[in-house]
$ cat target-v2.txt   # compact mmCIF, C-alpha atoms
# COMPACT_ATOMS: atom_id res chain seq x y z
CA MET A 250 94.81 27.91 37.58
CA ALA A 251 91.59 26.31 38.68
CA ALA A 252 93.47 23.21 39.82
CA TRP A 253 95.91 25.36 41.89
CA VAL A 254 93.02 27.17 43.64
CA LEU A 255 91.35 23.92 44.50
CA SER A 256 94.56 22.35 45.81
CA GLU A 257 95.29 25.37 48.01
CA CYS A 258 91.82 25.05 49.49
CA GLY A 259 92.36 21.39 50.20
CA VAL A 260 89.97 20.19 47.54
CA ARG A 261 91.05 17.66 44.96
CA PRO A 262 89.81 18.14 41.44
CA ILE A 263 87.67 15.42 39.96
CA PRO A 264 89.70 13.11 37.75
CA THR A 265 89.16 13.51 34.04
CA PHE A 266 87.01 10.63 32.93
CA PHE A 267 86.53 11.79 29.31
CA PRO A 268 89.84 13.23 28.11
CA LYS A 269 90.25 14.64 24.61
CA PRO A 270 90.23 12.00 21.88
CA ARG A 271 93.52 10.49 20.83
CA THR A 272 94.89 11.08 17.40
CA GLY A 273 93.35 8.87 14.75
CA VAL A 274 90.18 8.06 16.73
CA SER A 275 86.83 9.02 15.17
CA ASN A 276 84.43 11.37 16.92
CA SER A 277 81.48 9.28 15.93
CA PHE A 278 79.18 7.85 18.50
CA PHE A 279 80.27 4.32 17.64
CA SER A 280 83.84 3.58 16.45
CA ASN A 281 85.27 0.16 15.56
CA THR A 282 88.85 -0.25 16.89
CA LYS A 283 89.41 -3.92 16.09
CA SER A 284 87.88 -6.48 13.77
CA ASP A 285 86.76 -8.66 16.72
CA SER A 286 85.65 -5.90 19.10
CA ILE A 287 83.48 -2.82 19.15
CA GLY A 288 85.15 0.43 20.21
CA VAL A 289 82.71 2.99 21.56
CA THR A 290 83.67 6.64 21.85
CA LEU A 291 81.31 8.72 23.98
CA PHE A 292 81.12 12.50 24.03
CA ASN A 293 84.37 13.00 22.08
CA THR A 294 86.43 11.16 24.69
CA THR A 295 89.99 9.91 24.21
CA LYS A 296 89.30 6.82 26.19
CA SER A 297 87.20 4.17 24.46
CA ILE A 298 85.17 1.51 26.13
CA THR A 299 86.01 -1.74 24.49
CA ILE A 300 83.44 -4.46 24.59
CA SER A 301 84.75 -8.00 24.66
CA SER A 302 84.65 -10.20 21.61
CA SER A 303 82.30 -12.65 23.38
CA PHE A 304 79.76 -9.92 23.89
CA SER A 305 80.25 -8.90 20.29
CA ARG A 306 79.47 -12.43 19.11
CA MET A 307 76.38 -12.49 21.35
CA CYS A 308 75.15 -9.29 19.73
CA LYS A 309 75.60 -10.81 16.29
CA ASP A 310 73.58 -13.89 17.23
CA LYS A 311 70.78 -11.89 18.86
CA ASN A 312 67.74 -10.81 16.81
CA TRP A 313 67.22 -7.19 17.83
CA ALA A 314 64.19 -6.58 15.61
CA LEU A 315 61.18 -5.03 17.39
CA LYS A 316 58.22 -7.38 17.70
CA VAL A 317 55.71 -4.85 16.19
CA SER A 318 53.01 -5.82 13.70
CA ALA A 319 52.73 -3.42 10.78
CA PRO A 320 50.62 -3.53 7.61
CA VAL A 321 52.36 -4.59 4.47
CA THR A 322 50.92 -1.58 2.67
CA ILE A 323 49.27 1.60 3.91
CA PRO A 324 45.74 1.92 2.51
CA PHE A 325 44.73 5.22 0.94
CA LEU A 326 41.14 6.23 -0.07
CA ASP A 327 40.77 7.55 -3.55
CA GLU A 328 38.62 10.60 -4.23
CA ASP A 329 35.42 8.64 -4.96
CA GLU A 330 35.81 6.55 -1.81
CA ARG A 331 36.33 9.66 0.29
CA GLU A 332 33.16 11.15 -1.14
CA ILE A 333 31.23 7.97 -0.32
CA ALA A 334 32.63 7.94 3.21
CA THR A 335 31.38 11.49 3.80
CA GLU A 336 28.25 11.27 1.63
CA PHE A 337 25.15 13.00 2.99
CA ASP A 338 22.26 10.67 3.81
CA PRO A 339 18.96 12.47 3.12
CA SER A 340 17.02 9.76 4.94
CA ALA A 341 18.85 10.31 8.23
CA PRO A 342 16.81 12.04 10.95
CA PRO A 343 17.64 15.76 10.81
CA PRO A 344 19.59 17.36 13.67
CA PHE A 345 16.93 20.07 13.99
CA THR A 346 13.24 20.17 14.82
CA LEU A 347 10.18 21.77 13.30
CA ALA A 348 10.32 24.29 16.14
CA ASP A 349 13.88 25.24 15.13
CA ILE A 350 12.70 26.03 11.60
CA ARG A 351 9.72 27.94 12.89
CA ALA A 352 11.92 30.02 15.20
CA SER A 353 14.23 30.98 12.32
CA ILE A 354 11.39 32.57 10.32
CA PRO A 355 10.70 36.26 11.10
CA LYS A 356 7.43 36.84 12.91
CA HIS A 357 6.03 39.16 10.28
CA CYS A 358 6.20 36.34 7.71
CA TRP A 359 3.35 34.63 9.53
CA VAL A 360 1.03 37.64 9.40
CA LYS A 361 -1.79 37.48 6.85
CA ASP A 362 -2.87 40.73 5.25
CA PRO A 363 -6.47 40.23 4.00
CA TRP A 364 -6.36 43.27 1.71
CA ARG A 365 -3.10 42.23 0.15
CA SER A 366 -4.34 38.68 -0.25
CA MET A 367 -7.53 39.81 -1.99
CA SER A 368 -5.55 42.10 -4.27
CA TYR A 369 -3.92 39.02 -5.81
CA VAL A 370 -7.34 37.42 -6.34
CA LEU A 371 -8.67 40.56 -8.04
CA ARG A 372 -5.51 40.83 -10.13
CA ASP A 373 -5.79 37.26 -11.41
CA VAL A 374 -9.53 37.49 -12.11
CA ALA A 375 -9.05 40.76 -14.00
CA VAL A 376 -6.27 39.25 -16.12
CA VAL A 377 -8.39 36.15 -16.87
CA PHE A 378 -11.33 38.19 -18.14
CA GLY A 379 -9.05 40.64 -19.93
CA LEU A 380 -7.32 37.87 -21.84
CA ALA A 381 -10.66 36.35 -22.83
CA VAL A 382 -11.97 39.68 -24.12
CA VAL A 383 -8.82 40.34 -26.16
CA ALA A 384 -8.81 36.84 -27.69
CA ALA A 385 -12.51 36.99 -28.58
CA TYR A 386 -12.11 40.44 -30.11
CA PHE A 387 -9.21 39.59 -32.42
CA ASN A 388 -10.31 35.99 -32.98
CA ASN A 389 -7.48 34.96 -35.31
CA ILE A 390 -5.03 32.12 -35.66
CA VAL A 391 -2.13 34.15 -34.30
CA VAL A 392 -3.84 35.31 -31.10
CA TRP A 393 -5.49 32.06 -30.04
CA PRO A 394 -2.31 30.02 -29.34
CA LEU A 395 -0.87 32.92 -27.34
CA TYR A 396 -4.15 33.19 -25.45
CA TRP A 397 -4.21 29.49 -24.62
CA ILE A 398 -0.72 29.60 -23.14
CA ALA A 399 -1.39 32.76 -21.13
CA GLN A 400 -4.87 31.82 -19.97
CA SER A 401 -3.94 28.30 -18.88
CA THR A 402 -1.18 29.84 -16.77
CA MET A 403 -3.66 32.27 -15.20
CA PHE A 404 -6.12 29.44 -14.45
CA TRP A 405 -3.24 27.73 -12.67
CA ALA A 406 -2.38 30.93 -10.77
CA LEU A 407 -5.97 31.21 -9.49
CA PHE A 408 -5.86 27.58 -8.40
CA VAL A 409 -2.66 28.21 -6.41
CA LEU A 410 -4.38 30.96 -4.41
CA GLY A 411 -7.14 28.65 -3.22
CA HIS A 412 -5.78 25.12 -3.40
CA ASP A 413 -4.94 24.79 0.31
CA TRP A 414 -8.60 25.10 1.22
CA ARG A 415 -9.50 21.70 -0.12
CA ILE A 416 -9.65 18.57 2.00
CA SER A 417 -7.71 16.11 -0.15
CA HIS A 418 -4.84 18.57 -0.60
CA ARG A 419 -4.78 19.05 3.15
CA THR A 420 -4.39 15.28 3.41
CA HIS A 421 -1.44 15.54 1.03
CA HIS A 422 0.26 18.12 3.25
CA GLN A 423 -0.37 16.18 6.44
CA ASN A 424 1.10 12.98 5.00
CA HIS A 425 3.75 14.22 2.56
CA GLY A 426 6.49 11.70 1.91
CA HIS A 427 4.47 8.72 3.17
CA VAL A 428 4.24 5.83 0.69
CA GLU A 429 0.66 4.80 1.48
CA ASN A 430 -0.92 7.82 3.18
CA ASP A 431 0.19 10.61 0.85
CA GLU A 432 -2.46 11.69 -1.62
CA SER A 433 -0.77 13.46 -4.55
CA TRP A 434 1.76 11.76 -6.83
CA HIS A 435 2.81 9.29 -4.16
CA PRO A 436 4.75 6.21 -5.35
CA LEU A 437 3.10 2.91 -6.15
CA SER A 438 4.27 -0.15 -4.27
CA GLU A 439 5.73 -2.87 -6.47
CA LYS A 440 2.74 -5.14 -5.84
CA ILE A 441 0.25 -2.51 -7.03
CA TYR A 442 2.50 -1.53 -9.91
CA ARG A 443 2.78 -5.14 -11.15
CA SER A 444 -1.00 -5.55 -10.90
CA LEU A 445 -1.62 -2.80 -13.45
CA GLU A 446 -2.23 -3.69 -17.07
CA ASP A 447 0.75 -3.20 -19.37
CA ALA A 448 -1.01 -0.41 -21.25
CA THR A 449 -1.80 1.43 -18.00
CA ARG A 450 1.81 1.22 -16.84
CA LYS A 451 3.02 2.47 -20.20
CA LEU A 452 0.62 5.41 -20.34
CA ARG A 453 1.34 6.39 -16.75
CA PHE A 454 4.96 7.15 -17.63
CA THR A 455 4.64 8.30 -21.25
CA LEU A 456 4.16 11.98 -22.03
CA PRO A 457 1.78 13.74 -22.34
CA PHE A 458 -0.58 11.36 -20.51
CA PRO A 459 0.75 11.84 -16.95
CA MET A 460 0.26 15.59 -17.40
CA LEU A 461 -3.45 15.05 -18.11
CA ALA A 462 -4.16 12.94 -15.02
CA TYR A 463 -5.78 15.48 -12.67
CA PRO A 464 -9.47 15.15 -13.75
CA PHE A 465 -9.21 11.35 -13.71
CA TYR A 466 -7.59 11.49 -10.28
CA LEU A 467 -10.50 13.60 -9.00
CA TRP A 468 -12.94 11.05 -10.30
CA ASN A 469 -11.21 7.83 -9.27
CA ARG A 470 -8.12 8.71 -7.15
CA SER A 471 -4.79 6.88 -7.59
CA PRO A 472 -4.23 3.15 -8.22
CA GLY A 473 -4.63 1.21 -5.01
CA LYS A 474 -7.04 3.75 -3.48
CA LYS A 475 -10.83 3.76 -3.61
CA GLY A 476 -13.40 6.51 -3.70
CA SER A 477 -13.97 9.76 -5.55
CA HIS A 478 -13.62 13.45 -4.77
CA PHE A 479 -17.25 13.88 -5.79
CA ASP A 480 -18.56 11.18 -3.43
CA PRO A 481 -19.28 12.48 0.10
CA ASN A 482 -19.14 8.90 1.40
CA SER A 483 -15.60 8.32 0.13
CA ASP A 484 -13.07 7.21 2.74
CA LEU A 485 -11.04 10.22 1.65
CA PHE A 486 -13.35 12.39 3.81
CA LEU A 487 -14.42 12.45 7.43
CA PRO A 488 -18.13 12.13 8.33
CA ASN A 489 -18.29 15.78 9.42
CA GLU A 490 -17.01 16.87 5.98
CA LYS A 491 -19.94 15.36 4.10
CA LYS A 492 -21.80 18.68 3.68
CA ASP A 493 -18.65 20.33 2.32
CA ILE A 494 -18.28 17.65 -0.34
CA ILE A 495 -21.92 17.96 -1.35
CA THR A 496 -21.49 21.74 -1.68
CA SER A 497 -18.34 21.28 -3.76
CA THR A 498 -20.01 18.78 -6.06
CA VAL A 499 -23.02 21.07 -6.54
CA CYS A 500 -20.72 23.96 -7.50
CA TRP A 501 -18.82 21.75 -9.95
CA THR A 502 -22.10 20.64 -11.52
CA ALA A 503 -23.28 24.26 -11.80
CA MET A 504 -20.05 25.19 -13.62
CA ALA A 505 -20.52 22.29 -16.05
CA ALA A 506 -24.12 23.42 -16.68
CA LEU A 507 -22.92 27.00 -17.32
CA LEU A 508 -20.46 25.77 -19.95
CA VAL A 509 -23.22 23.77 -21.65
CA GLY A 510 -25.44 26.85 -21.66
CA LEU A 511 -22.66 29.00 -23.12
CA SER A 512 -22.14 26.40 -25.84
CA PHE A 513 -25.71 26.94 -27.01
CA THR A 514 -25.29 30.72 -26.81
CA MET A 515 -21.78 31.22 -28.21
CA GLY A 516 -21.29 27.94 -29.98
CA PRO A 517 -19.31 24.93 -28.73
CA LEU A 518 -16.20 25.86 -30.72
CA GLN A 519 -15.97 29.28 -29.11
CA VAL A 520 -16.37 27.78 -25.62
CA LEU A 521 -13.70 25.25 -26.45
CA LYS A 522 -11.31 27.99 -27.51
CA LEU A 523 -12.09 30.32 -24.62
CA TYR A 524 -12.31 27.75 -21.81
CA GLY A 525 -11.80 24.14 -22.88
CA ILE A 526 -8.24 24.36 -24.22
CA PRO A 527 -7.01 26.69 -21.41
CA TYR A 528 -8.53 24.29 -18.89
CA TRP A 529 -6.43 21.40 -20.20
CA GLY A 530 -3.41 23.69 -20.20
CA PHE A 531 -4.14 24.42 -16.54
CA VAL A 532 -4.32 20.67 -15.88
CA MET A 533 -0.86 20.25 -17.40
CA TRP A 534 0.52 23.07 -15.26
CA LEU A 535 -0.97 21.51 -12.14
CA ASP A 536 0.34 18.01 -12.84
CA LEU A 537 3.77 19.29 -13.89
CA VAL A 538 4.34 21.46 -10.81
CA THR A 539 2.88 18.97 -8.35
CA TYR A 540 4.97 16.14 -9.77
CA LEU A 541 8.27 18.03 -9.90
CA HIS A 542 7.95 19.24 -6.31
CA HIS A 543 8.17 15.60 -5.21
CA HIS A 544 10.17 13.93 -7.99
CA GLY A 545 13.06 14.41 -10.32
CA HIS A 546 15.96 15.42 -8.11
CA GLU A 547 19.37 14.30 -9.36
CA ASP A 548 19.86 12.39 -6.09
CA LYS A 549 17.36 9.73 -5.10
CA LEU A 550 15.18 10.92 -2.24
CA PRO A 551 13.55 8.66 0.35
CA TRP A 552 9.92 7.80 0.94
CA TYR A 553 8.82 6.58 4.35
CA ARG A 554 6.53 4.15 6.11
CA GLY A 555 5.78 3.20 9.69
CA LYS A 556 7.87 4.62 12.51
CA GLU A 557 10.45 6.15 10.16
CA TRP A 558 7.92 8.64 8.82
CA SER A 559 7.38 11.97 10.52
CA TYR A 560 5.84 15.21 9.36
CA LEU A 561 9.25 16.87 9.33
CA ARG A 562 11.14 14.10 7.54
CA GLY A 563 8.41 13.75 4.95
CA GLY A 564 8.35 17.49 4.33
CA LEU A 565 12.10 17.62 3.83
CA THR A 566 11.81 15.37 0.77
CA THR A 567 9.88 18.06 -1.11
CA LEU A 568 11.72 20.22 -3.62
CA ASP A 569 11.86 23.88 -4.49
CA ARG A 570 11.79 24.78 -8.18
CA ASP A 571 12.61 27.95 -10.09
CA TYR A 572 10.13 28.90 -12.83
CA GLY A 573 11.76 32.11 -14.04
CA TRP A 574 9.22 34.77 -15.01
CA ILE A 575 6.38 32.46 -13.93
CA ASN A 576 7.42 32.64 -10.25
CA ASN A 577 5.52 35.84 -9.60
CA ILE A 578 2.59 34.89 -11.82
CA HIS A 579 1.84 31.69 -9.92
CA HIS A 580 2.53 33.26 -6.55
CA ASP A 581 5.94 31.74 -5.77
CA ILE A 582 4.59 28.22 -5.39
CA GLY A 583 8.11 27.08 -6.34
CA THR A 584 9.18 27.81 -2.74
CA HIS A 585 7.60 24.49 -1.90
CA VAL A 586 9.51 23.19 1.11
CA ILE A 587 8.43 25.99 3.46
CA HIS A 588 4.97 25.95 1.90
CA HIS A 589 4.62 22.25 2.72
CA LEU A 590 5.90 22.52 6.28
CA PHE A 591 3.98 25.71 7.08
CA PRO A 592 1.04 26.15 4.65
CA GLN A 593 -0.31 28.92 6.88
CA ILE A 594 2.44 31.29 5.71
CA PRO A 595 0.95 33.55 2.99
CA HIS A 596 2.48 33.10 -0.43
CA TYR A 597 3.87 36.64 -0.55
CA ASN A 598 6.15 35.83 2.40
CA LEU A 599 7.41 32.43 1.24
CA ILE A 600 10.65 33.66 -0.34
CA GLU A 601 11.74 35.59 2.77
CA ALA A 602 10.76 32.67 5.02
CA THR A 603 12.74 30.24 2.88
CA GLU A 604 15.89 32.39 2.96
CA ALA A 605 15.64 32.69 6.74
CA ALA A 606 15.27 28.92 7.21
CA LYS A 607 18.11 27.82 4.91
CA PRO A 608 20.82 27.94 7.62
CA VAL A 609 18.71 25.58 9.73
CA PHE A 610 18.01 23.21 6.85
CA GLY A 611 21.67 22.83 5.89
CA LYS A 612 22.09 19.99 3.38
CA TYR A 613 18.45 19.00 3.80
CA TYR A 614 17.59 21.95 1.59
CA ARG A 615 18.31 21.41 -2.11
CA GLU A 616 18.91 24.66 -3.97
CA PRO A 617 16.84 24.71 -7.17
CA LYS A 618 18.54 25.13 -10.51
CA LYS A 619 18.19 28.67 -11.80
CA SER A 620 15.73 29.00 -14.63
CA TRP A 621 15.78 30.91 -17.87
CA PRO A 622 12.93 33.41 -18.26
CA LEU A 623 10.75 30.41 -19.11
CA PRO A 624 11.36 27.09 -17.29
CA PHE A 625 12.02 24.87 -20.28
CA HIS A 626 14.79 23.07 -18.34
CA LEU A 627 12.13 21.41 -16.20
CA LEU A 628 10.88 19.44 -19.19
CA GLY A 629 14.18 17.54 -19.24
CA VAL A 630 13.87 16.87 -15.52
CA LEU A 631 10.33 15.56 -16.05
CA VAL A 632 11.32 13.22 -18.88
CA SER A 633 14.28 11.86 -16.92
CA SER A 634 12.17 11.15 -13.84
CA LEU A 635 9.40 9.42 -15.77
CA LYS A 636 12.02 7.05 -17.21
CA LYS A 637 13.33 5.88 -13.85
CA ASP A 638 10.89 6.63 -10.98
CA HIS A 639 8.34 3.83 -11.31
CA TYR A 640 7.67 2.03 -8.03
CA VAL A 641 9.02 1.35 -4.54
CA SER A 642 9.54 -1.85 -2.59
CA ASP A 643 6.60 -3.46 -0.78
CA GLU A 644 8.74 -3.76 2.34
CA GLY A 645 10.94 -1.44 4.34
CA GLU A 646 10.23 1.78 6.21
CA ILE A 647 12.70 3.80 4.13
CA VAL A 648 12.41 3.11 0.41
CA TYR A 649 13.54 4.65 -2.86
CA TYR A 650 12.14 4.62 -6.36
CA GLN A 651 13.07 1.68 -8.54
CA THR A 652 13.09 1.41 -12.31
CA ASP A 653 11.14 -0.90 -14.59
CA ALA A 654 13.50 -1.74 -17.44
CA LYS A 655 10.56 -2.30 -19.79
CA ILE A 656 9.39 1.28 -19.32
CA SER A 657 12.81 2.94 -19.24
CA GLY A 658 13.97 1.15 -22.37
CA ASN A 659 17.25 0.09 -20.75
$ encode --input "target-v2.txt" --output "structure tokens"
Amino acid sequence: MAAWVLSECGVRPIPTFFPKPRTGVSNSFFSNTKSDSIGVTLFNTTKSITISSSFSRMCKDKNWALKVSAPVTIPFLDEDEREIATEFDPSAPPPFTLADIRASIPKHCWVKDPWRSMSYVLRDVAVVFGLAVVAAYFNNIVVWPLYWIAQSTMFWALFVLGHDWRISHRTHHQNHGHVENDESWHPLSEKIYRSLEDATRKLRFTLPFPMLAYPFYLWNRSPGKKGSHFDPNSDLFLPNEKKDIITSTVCWTAMAALLVGLSFTMGPLQVLKLYGIPYWGFVMWLDLVTYLHHHGHEDKLPWYRGKEWSYLRGGLTTLDRDYGWINNIHHDIGTHVIHHLFPQIPHYNLIEATEAAKPVFGKYYREPKKSWPLPFHLLGVLVSSLKKDHYVSDEGEIVYYQTDAKISGN
């Protein structure tokens, strides 16, 4: 019908180029019709295009492989390798600034309340005297050990309230994480470490001796450093701080004289029980907490020198710790990262400030392990660190603790 309409209008229909396929011919895209030729059927046509046998032979002789280089095998990273490839580097400069952290902390966290601050002082002093009265009244073998544990903890709590006033601890805060300039529990360089006598090295990392170091540190500082906290001419202090050091030394001497006087009045044994043993318990608290806030993390943390050190990067190597029931007693000193970066924040706002800053810290903040009511888990952390954290390299601006096999026993 369509052909008749076109012819009547004087238009010739287009000749059929692809008629229906003939019987017996495949509808495949390529169809072989002879052994020496290639029959090609396109679009279900009945008319095949036959390629000559010469062209067929040429195709057989031609190498049609693509000239593309491909690996013999495709490499795949296993799970450990993927973790290494994406591993967090704690020594890398952080993507945030000190101002970013400061801005994340609510403004009221910076406000000091003198009355609230003094209430904690009065609370601690009242508890100290109350414990002493109770222990002296009962004066028996059951009460004394309990008293020593409780009173040493309260001595430590009082120290926490006032420790940021002192000059050497201020030096510690201003230089935290610096190998040479830090003041408290900083690492020894390998040269200084090797220069120590074998007995000194052994005692330094064998419990309980490291936990009794504080009075000796006050008298003679750390290995490799000169001077004394009682000497106003020590290079630890500035010339304009000389009067402060003299005042401090006079007060310390007065306290020692008072204890001697009480020994004649009450007897030396009673003074030892009421003050001497709790004092050494306080020393152990101080050394334990100070050490664990800068050591003992399951991942090795960097120490810095030279241009790699900054106040922020050094502060980010400090650690928070959870002390269970003791947190409130010693005024949340376990929230140590924020305390180190911003010591002007009062202790009763440290927890809120830390929570506010965590999103800024990201992976640079290391969540402390939750404690039981009493922080016995930290004893295992202490022992582990003392076995492996011995010295750092003499060279390099980013260094990590190394292990002395003789001390570790490995």
$ residues_around --input "target-v2.txt" --residues "region 431-442 of chain A" --least-positions-apart "6" --cutoff "10 Å" --atoms "only C-alpha atoms" --output "PyMOL selection string"
chain A and resi 417-425+449-450+463+466+470-474+485+536+539-544+552+563+638-644+648-651+653
$ residues_around --input "target-v2.txt" --residues "region 392-397 of chain A" --least-positions-apart "2" --cutoff "12 Å" --atoms "all atoms listed in the file" --output "PyMOL selection string"
chain A and resi 376-390+399-404+519+521-531
$ atom_distance --input "target-v2.txt" --atom1 "CA of His626 (chain A)" --atom2 "CA of Pro551 (chain A)"
23.6 Å
$ residues_around --input "target-v2.txt" --residues "region 575-577 of chain A" --least-positions-apart "2" --cutoff "9 Å" --atoms "all atoms listed in the file" --output "list in words"
Thr402, Asp571, Tyr572, Gly573, His579, His580, Asp581, Ile582, Gly583, Pro622, Leu623 and Pro624 of chain A
$ atom_distance --input "target-v2.txt" --atom1 "CA of Trp414 (chain A)" --atom2 "CA of Thr346 (chain A)"
26.2 Å
$ closest_residue --input "target-v2.txt" --among "A:Leu627, A:Ile587, A:Val391, A:Val609" --to "Phe345 (chain A)" --atoms "only C-alpha atoms"
A:Val609
$ atom_distance --input "target-v2.txt" --atom1 "CA of Val532 (chain A)" --atom2 "CA of Gly545 (chain A)"
19.3 Å
$ residues_around --input "target-v2.txt" --residues "Trp468 (chain A)" --least-positions-apart "6" --cutoff "7 Å" --atoms "all atoms listed in the file" --output "PyMOL selection string"
chain A and resi 477-479
$ closest_residue --input "target-v2.txt" --among "A:Leu635, A:Gly555, A:Ile647, A:Glu429" --to "Leu452 (chain A)" --atoms "all atoms listed in the file"
A:Leu635
$ closest_residue --input "target-v2.txt" --among "A:Ser353, A:Thr455, A:Ser444, A:Ser512" --to "Ser634 (chain A)" --atoms "all atoms listed in the file"
A:Thr455
$ closest_residue --input "target-v2.txt" --among "A:Gln593, A:Asn598, A:Thr603, A:Ser483" --to "Asp569 (chain A)" --atoms "only C-alpha atoms"
A:Thr603
$ axis_aligned_box --input "target-v2.txt" --around "region 452-466 of chain A" --padding-each-side "8 Å" --output "lines of an AutoDock Vina configuration file"
center_x = -2.3
center_y = 10.5
center_z = -16.3
size_x = 30.4
size_y = 26.2
size_z = 28.1
$ closest_residue --input "target-v2.txt" --among "A:Leu347, A:Leu456, A:Val374, A:Leu487" --to "Lys636 (chain A)" --atoms "all atoms listed in the file"
A:Leu456
$ closest_residue --input "target-v2.txt" --among "A:Trp574, A:Phe591, A:Phe625, A:Trp534" --to "Ala348 (chain A)" --atoms "only C-alpha atoms"
A:Phe591
$ build_atoms --input "target-v2.txt" --residues "region 602-616 of chain A" --atoms "N, CA, C and O atoms" --output "tab-separated table (two decimals), in the frame of the given file"
chain	number	residue	atom	x	y	z
A	602	ALA	N	10.75	33.75	4.03
A	602	ALA	CA	10.76	32.67	5.02
A	602	ALA	C	11.75	31.58	4.64
A	602	ALA	O	12.46	31.03	5.49
A	603	THR	N	11.81	31.26	3.35
A	603	THR	CA	12.74	30.24	2.88
A	603	THR	C	14.19	30.66	3.11
A	603	THR	O	15.01	29.86	3.59
A	604	GLU	N	14.52	31.89	2.76
A	604	GLU	CA	15.89	32.39	2.96
A	604	GLU	C	16.27	32.36	4.44
A	604	GLU	O	17.42	32.04	4.78
A	605	ALA	N	15.34	32.68	5.30
A	605	ALA	CA	15.64	32.69	6.74
A	605	ALA	C	15.86	31.28	7.29
A	605	ALA	O	16.63	31.09	8.23
A	606	ALA	N	15.19	30.30	6.69
A	606	ALA	CA	15.27	28.92	7.21
A	606	ALA	C	16.43	28.12	6.63
A	606	ALA	O	16.76	27.06	7.16
A	607	LYS	N	17.04	28.59	5.56
A	607	LYS	CA	18.11	27.82	4.91
A	607	LYS	C	19.25	27.44	5.85
A	607	LYS	O	19.75	26.31	5.79
A	608	PRO	N	19.74	28.35	6.72
A	608	PRO	CA	20.82	27.94	7.62
A	608	PRO	C	20.44	26.79	8.54
A	608	PRO	O	21.29	26.00	8.94
A	609	VAL	N	19.16	26.69	8.89
A	609	VAL	CA	18.71	25.58	9.73
A	609	VAL	C	18.64	24.30	8.91
A	609	VAL	O	19.06	23.23	9.37
A	610	PHE	N	18.13	24.39	7.70
A	610	PHE	CA	18.01	23.21	6.85
A	610	PHE	C	19.37	22.57	6.55
A	610	PHE	O	19.50	21.35	6.53
A	611	GLY	N	20.38	23.38	6.29
A	611	GLY	CA	21.67	22.83	5.89
A	611	GLY	C	21.54	22.04	4.60
A	611	GLY	O	20.90	22.46	3.63
A	612	LYS	N	22.11	20.83	4.57
A	612	LYS	CA	22.09	19.99	3.38
A	612	LYS	C	20.72	19.39	3.10
A	612	LYS	O	20.49	18.83	2.02
A	613	TYR	N	19.80	19.51	4.04
A	613	TYR	CA	18.45	19.00	3.80
A	613	TYR	C	17.67	19.90	2.85
A	613	TYR	O	16.59	19.52	2.39
A	614	TYR	N	18.20	21.09	2.59
A	614	TYR	CA	17.59	21.95	1.59
A	614	TYR	C	18.38	21.82	0.29
A	614	TYR	O	19.61	21.92	0.28
A	615	ARG	N	17.67	21.61	-0.81
A	615	ARG	CA	18.31	21.41	-2.11
A	615	ARG	C	18.03	22.63	-2.98
A	615	ARG	O	16.90	22.83	-3.42
A	616	GLU	N	19.06	23.41	-3.21
A	616	GLU	CA	18.91	24.66	-3.97
A	616	GLU	C	18.42	24.35	-5.39
A	616	GLU	O	19.00	23.53	-6.08
